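Heads up: the structure comes next, in structure tokens.
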Amino acid sequence: MKLRPILLSLSVAALLSGCQNMDSNGLLASGAEAFQAYTLSDAQVKELSDKSCAELDSKASIAPGSSEYAKRLSKISSALGDNINGMPVNYKVYVTKDVNAFAMANGCIRVYSGLMDMMNDNEVEAVIGHEMGHVALGHVKKGMQVALGTNAARVAAASAGGVIGSLSQSQLGDLGEKLVNAQFSQRQESEADDYSYDLLRKRGINPIGLATSFEKLAKAEEGRQSSMLDDHPASAERAQHIRDRMAADGLK
Ligand SMILES: [Zn+2]
């Protein structure tokens, strides 16, 4: 499934707010069947993530290690640490105007240059921490199971080679795109926010970047007429939650 143009244009507001609406084809409905059909093991999730990430990398324009983007991300990533719950992570910058970032269950973390242009280091750290939270809290694994419930993947899953071996390159690409644009619930978004807050505190990073990144996104949302975002928790409310936690912790 190709991303629809409208989804790309919404990516600013969609970031961190349930990201993008992937349910246009009833994916969630068919995903429910897939849940019953099989459950992915952690090893399968990792293997699928490896392949999906490699497929997305092959199609992306990756900032070279010598670029300003890569150097900046390297500094940011060393502040955040090199693992999610002990699993090693690897970072790359995709050069694109889209404002997005994602993390997969194999430690693949990709940050879009459009996001880095919009946000300061502290805010990028907060956003990555949030994406790490979706991995650490199992949201991404759940999303992968749902994404695998789509028709193409289900046909493949039913074939002789088993789930993973039977996926074509384009199906892996589809899966990757669905993971990148996964729709998380409001509760999962809040949990990922809190995860990021705790991670930033643990790493000695001021969590204010979480609040200000939401506030930037809220500003970007203001100019939009779309009501598609109505069911997402408002960025402004999420920023306030972070400021409340900071006040409770005696931080400014
Ligand atoms: Zn999120």
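Numbering starts fresh at 1 for the residues of each chain in the structure tokens, the chains themselves are lettered A, B, ... in the order given, and ligands are numbered from 1 as they appear.
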What are the nearest atom pairs, with distances in Å to one decimal, for all residues of region 187-206 of chain A that come at most 10 Å from region 108-122 of chain A, using only C-alpha atoms, set out by chain and rising residue number as a tab-separated table?
residue	atom	partner	partner_atom	distance
A:Leu200	CA	A:Asn122	CA	9.5
A:Ile205	CA	A:Asn122	CA	7.7
A:Asn206	CA	A:Asn122	CA	7.5
Please save all heavy atoms of the selected residues as an mmCIF file, in the first residue's frame.
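Saved result, result-v3.cif, follows:
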data_model
loop_
_atom_site.group_PDB
_atom_site.id
_atom_site.type_symbol
_atom_site.label_atom_id
_atom_site.label_comp_id
_atom_site.auth_asym_id
_atom_site.auth_seq_id
_atom_site.Cartn_x
_atom_site.Cartn_y
_atom_site.Cartn_z
ATOM 1 N N LEU A 200 14.425 10.534 29.496
ATOM 2 C CA LEU A 200 15.172 11.797 29.459
ATOM 3 C C LEU A 200 15.699 12.131 30.855
ATOM 4 O O LEU A 200 16.865 12.522 31.009
ATOM 5 C CB LEU A 200 14.277 12.929 28.923
ATOM 6 C CG LEU A 200 13.797 12.778 27.467
ATOM 7 C CD1 LEU A 200 12.768 13.856 27.126
ATOM 8 C CD2 LEU A 200 14.953 12.824 26.484
ATOM 9 N N ILE A 205 18.722 14.512 30.758
ATOM 10 C CA ILE A 205 18.287 15.453 29.714
ATOM 11 C C ILE A 205 17.023 16.159 30.203
ATOM 12 O O ILE A 205 16.119 15.530 30.757
ATOM 13 C CB ILE A 205 17.976 14.701 28.400
ATOM 14 C CG1 ILE A 205 19.227 13.966 27.892
ATOM 15 C CG2 ILE A 205 17.427 15.651 27.334
ATOM 16 C CD1 ILE A 205 18.947 13.001 26.745
ATOM 17 N N ASN A 206 16.970 17.465 30.001
ATOM 18 C CA ASN A 206 15.784 18.214 30.417
ATOM 19 C C ASN A 206 14.564 17.786 29.587
ATOM 20 O O ASN A 206 14.593 17.869 28.362
ATOM 21 C CB ASN A 206 16.052 19.712 30.222
ATOM 22 C CG ASN A 206 14.970 20.563 30.865
ATOM 23 O OD1 ASN A 206 13.808 20.142 30.973
ATOM 24 N ND2 ASN A 206 15.345 21.752 31.294
#
Expected answer as a ChimeraX atom specification: alpha helix (DSSP H) residues in region 37-197 of chain A: /A:37,42-59,68-80,113-118,121-136,139-147,151-158,162-165,169-180,186-197
Shortest interatomic distance to Ser213 (chain A) - which of A:Val99, A:Ala79, A:Val140, A:Leu167, counting only C-alpha atoms: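 For Ser213 (chain A), the nearest of the given residues is A:Val99.
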Which one of A:Val89, A:Ala126, A:Leu73, A:Leu40 sits closest to Arg203 (chain A) if you count only C-alpha atoms?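 Among the listed residues, the smallest separation from Arg203 (chain A) belongs to A:Ala126.
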Compile the contact shell of Gly138 (chain A) as a short mmCIF file (atom, residue, chain, number, x, y, z; two decimals) with N, CA, C and O atoms, in the first residue's frame: residues with an atom at most 12 Å away, counting only C-alpha atoms, same-chain residues fewer than 5 positions apart removed.
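This is the output file out.cif:
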data_model
loop_
_atom_site.label_atom_id
_atom_site.label_comp_id
_atom_site.auth_asym_id
_atom_site.auth_seq_id
_atom_site.Cartn_x
_atom_site.Cartn_y
_atom_site.Cartn_z
N ASP A 42 9.06 -13.26 19.42
CA ASP A 42 9.98 -12.13 19.42
C ASP A 42 11.04 -12.27 18.33
O ASP A 42 11.44 -11.29 17.71
N VAL A 45 9.48 -11.28 15.11
CA VAL A 45 9.30 -9.83 15.07
C VAL A 45 10.63 -9.16 14.71
O VAL A 45 10.69 -8.25 13.89
N ILE A 84 17.62 0.02 23.68
CA ILE A 84 16.25 0.09 24.23
C ILE A 84 16.09 -1.15 25.09
O ILE A 84 16.09 -2.26 24.57
N ASN A 85 15.98 -0.97 26.38
CA ASN A 85 15.89 -2.12 27.29
C ASN A 85 16.97 -3.16 27.00
O ASN A 85 16.69 -4.35 26.98
N ALA A 103 10.81 4.03 15.28
CA ALA A 103 11.70 3.02 15.83
C ALA A 103 11.04 1.67 15.62
O ALA A 103 9.82 1.55 15.71
N MET A 104 11.84 0.67 15.30
CA MET A 104 11.30 -0.67 15.12
C MET A 104 11.80 -1.60 16.21
O MET A 104 12.75 -1.29 16.93
N ALA A 105 11.19 -2.76 16.27
CA ALA A 105 11.46 -3.69 17.36
C ALA A 105 12.83 -4.35 17.27
O ALA A 105 13.20 -5.15 18.13
N ASN A 106 13.60 -4.05 16.23
CA ASN A 106 14.96 -4.57 16.12
C ASN A 106 15.99 -3.50 16.45
O ASN A 106 17.19 -3.68 16.24
N GLU A 131 9.45 7.47 20.52
CA GLU A 131 9.42 6.34 19.58
C GLU A 131 10.03 5.09 20.22
O GLU A 131 9.55 3.97 20.02
N MET A 132 11.10 5.28 20.99
CA MET A 132 11.69 4.15 21.73
C MET A 132 10.65 3.55 22.69
O MET A 132 10.60 2.34 22.89
N GLY A 133 9.86 4.42 23.27
CA GLY A 133 8.82 3.96 24.19
C GLY A 133 7.84 3.02 23.51
O GLY A 133 7.46 1.99 24.08
N GLY A 143 1.57 -3.59 16.69
CA GLY A 143 1.27 -2.97 15.40
C GLY A 143 1.71 -3.84 14.25
O GLY A 143 1.06 -3.91 13.20
N MET A 144 2.83 -4.54 14.43
CA MET A 144 3.32 -5.42 13.37
C MET A 144 2.34 -6.59 13.15
O MET A 144 2.07 -6.97 12.03
N GLN A 145 1.84 -7.11 14.24
CA GLN A 145 0.88 -8.21 14.10
C GLN A 145 -0.37 -7.75 13.35
O GLN A 145 -0.90 -8.45 12.52
N PHE A 184 -1.34 4.39 16.73
CA PHE A 184 -1.36 3.93 18.11
C PHE A 184 -2.56 4.54 18.83
O PHE A 184 -3.06 5.59 18.43
N GLN A 188 -1.67 4.43 24.31
CA GLN A 188 -0.29 4.09 23.94
C GLN A 188 0.54 5.35 23.75
O GLN A 188 1.72 5.39 24.13
N GLU A 191 1.42 6.64 27.13
CA GLU A 191 2.44 5.79 27.75
C GLU A 191 3.82 6.08 27.15
O GLU A 191 4.83 6.10 27.86
N ALA A 192 3.86 6.26 25.83
CA ALA A 192 5.14 6.55 25.18
C ALA A 192 5.67 7.92 25.61
O ALA A 192 6.88 8.12 25.75
#
Taking only C-alpha atoms into account, which of A:Ala248, A:Ile128, A:Gln171, A:Leu48 comes nearest Ala101 (chain A)? A:Ile128
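Counting only C-alpha atoms and all ligand atoms and comparing A:Leu217, A:Val127, A:Leu210, A:Ala247, the residue that lies closest to ligand 1 is A:Val127.
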Based on the backbone DSSP call, show me all residues of region 79-208 of chain A assigned strand (DSSP E or B), as number ranges by chain. A: 83-84, 87-88, 90-94, 101-103, 108-112
What is the CA of Gln240 (chain A)-CA of Gln183 (chain A) distance in Å, reported with one decimal? 22.3 Å
Nearest to His134 (chain A) among A:Tyr91, A:Asp194, A:Gly204, A:Ala147, with distances taken over only C-alpha atoms: which residue is it?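 Smallest separation from His134 (chain A) among the options: A:Asp194.
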Out of A:Arg201, A:Lys252, A:Lys142, A:Lys46, which residue has the shortest atom-to-atom distance to Gly129 (chain A) when counting only C-alpha atoms? A:Arg201
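The space between CA of Arg245 (chain A) and CA of Lys141 (chain A) spans 28.0 Å.
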Write out as a PDB file with N, CA and C atoms, in the first residue's frame each polymer residue whose atoms come within 9 Å of Glu215 (chain A), counting only C-alpha atoms; drop sequence neighbours fewer than 3 positions from it.
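Below is the file that was written, part_34.pdb:
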ATOM      1  N   LEU A 210      10.089  17.610  25.329  1.00  0.00           N
ATOM      2  CA  LEU A 210       8.833  16.911  25.033  1.00  0.00           C
ATOM      3  C   LEU A 210       7.700  17.925  24.914  1.00  0.00           C
ATOM      4  N   ALA A 211       7.620  18.798  25.905  1.00  0.00           N
ATOM      5  CA  ALA A 211       6.542  19.791  25.901  1.00  0.00           C
ATOM      6  C   ALA A 211       6.670  20.725  24.704  1.00  0.00           C
ATOM      7  N   THR A 212       7.881  21.204  24.460  1.00  0.00           N
ATOM      8  CA  THR A 212       8.003  22.195  23.379  1.00  0.00           C
ATOM      9  C   THR A 212       7.831  21.556  22.002  1.00  0.00           C
ATOM     10  N   ALA A 218       1.465  21.483  17.844  1.00  0.00           N
ATOM     11  CA  ALA A 218       0.136  22.086  18.028  1.00  0.00           C
ATOM     12  C   ALA A 218       0.001  23.311  17.134  1.00  0.00           C
ATOM     13  N   LYS A 219       1.063  24.084  17.055  1.00  0.00           N
ATOM     14  CA  LYS A 219       1.050  25.274  16.210  1.00  0.00           C
ATOM     15  C   LYS A 219       0.863  24.871  14.746  1.00  0.00           C
ATOM     16  N   ALA A 220       1.560  23.798  14.373  1.00  0.00           N
ATOM     17  CA  ALA A 220       1.446  23.333  12.988  1.00  0.00           C
ATOM     18  C   ALA A 220       0.030  22.837  12.695  1.00  0.00           C
ATOM     19  N   SER A 235      -2.123  17.897  21.003  1.00  0.00           N
ATOM     20  CA  SER A 235      -0.720  18.122  21.352  1.00  0.00           C
ATOM     21  C   SER A 235      -0.593  19.058  22.540  1.00  0.00           C
ATOM     22  N   ALA A 236      -1.470  20.052  22.589  1.00  0.00           N
ATOM     23  CA  ALA A 236      -1.390  21.023  23.686  1.00  0.00           C
ATOM     24  C   ALA A 236      -1.629  20.350  25.046  1.00  0.00           C
ATOM     25  N   ARG A 238      -1.028  17.257  25.733  1.00  0.00           N
ATOM     26  CA  ARG A 238       0.122  16.400  26.050  1.00  0.00           C
ATOM     27  C   ARG A 238       1.285  17.244  26.550  1.00  0.00           C
ATOM     28  N   ALA A 239       1.443  18.413  25.967  1.00  0.00           N
ATOM     29  CA  ALA A 239       2.493  19.318  26.442  1.00  0.00           C
ATOM     30  C   ALA A 239       2.214  19.698  27.897  1.00  0.00           C
TER      31      ALA A 239
END
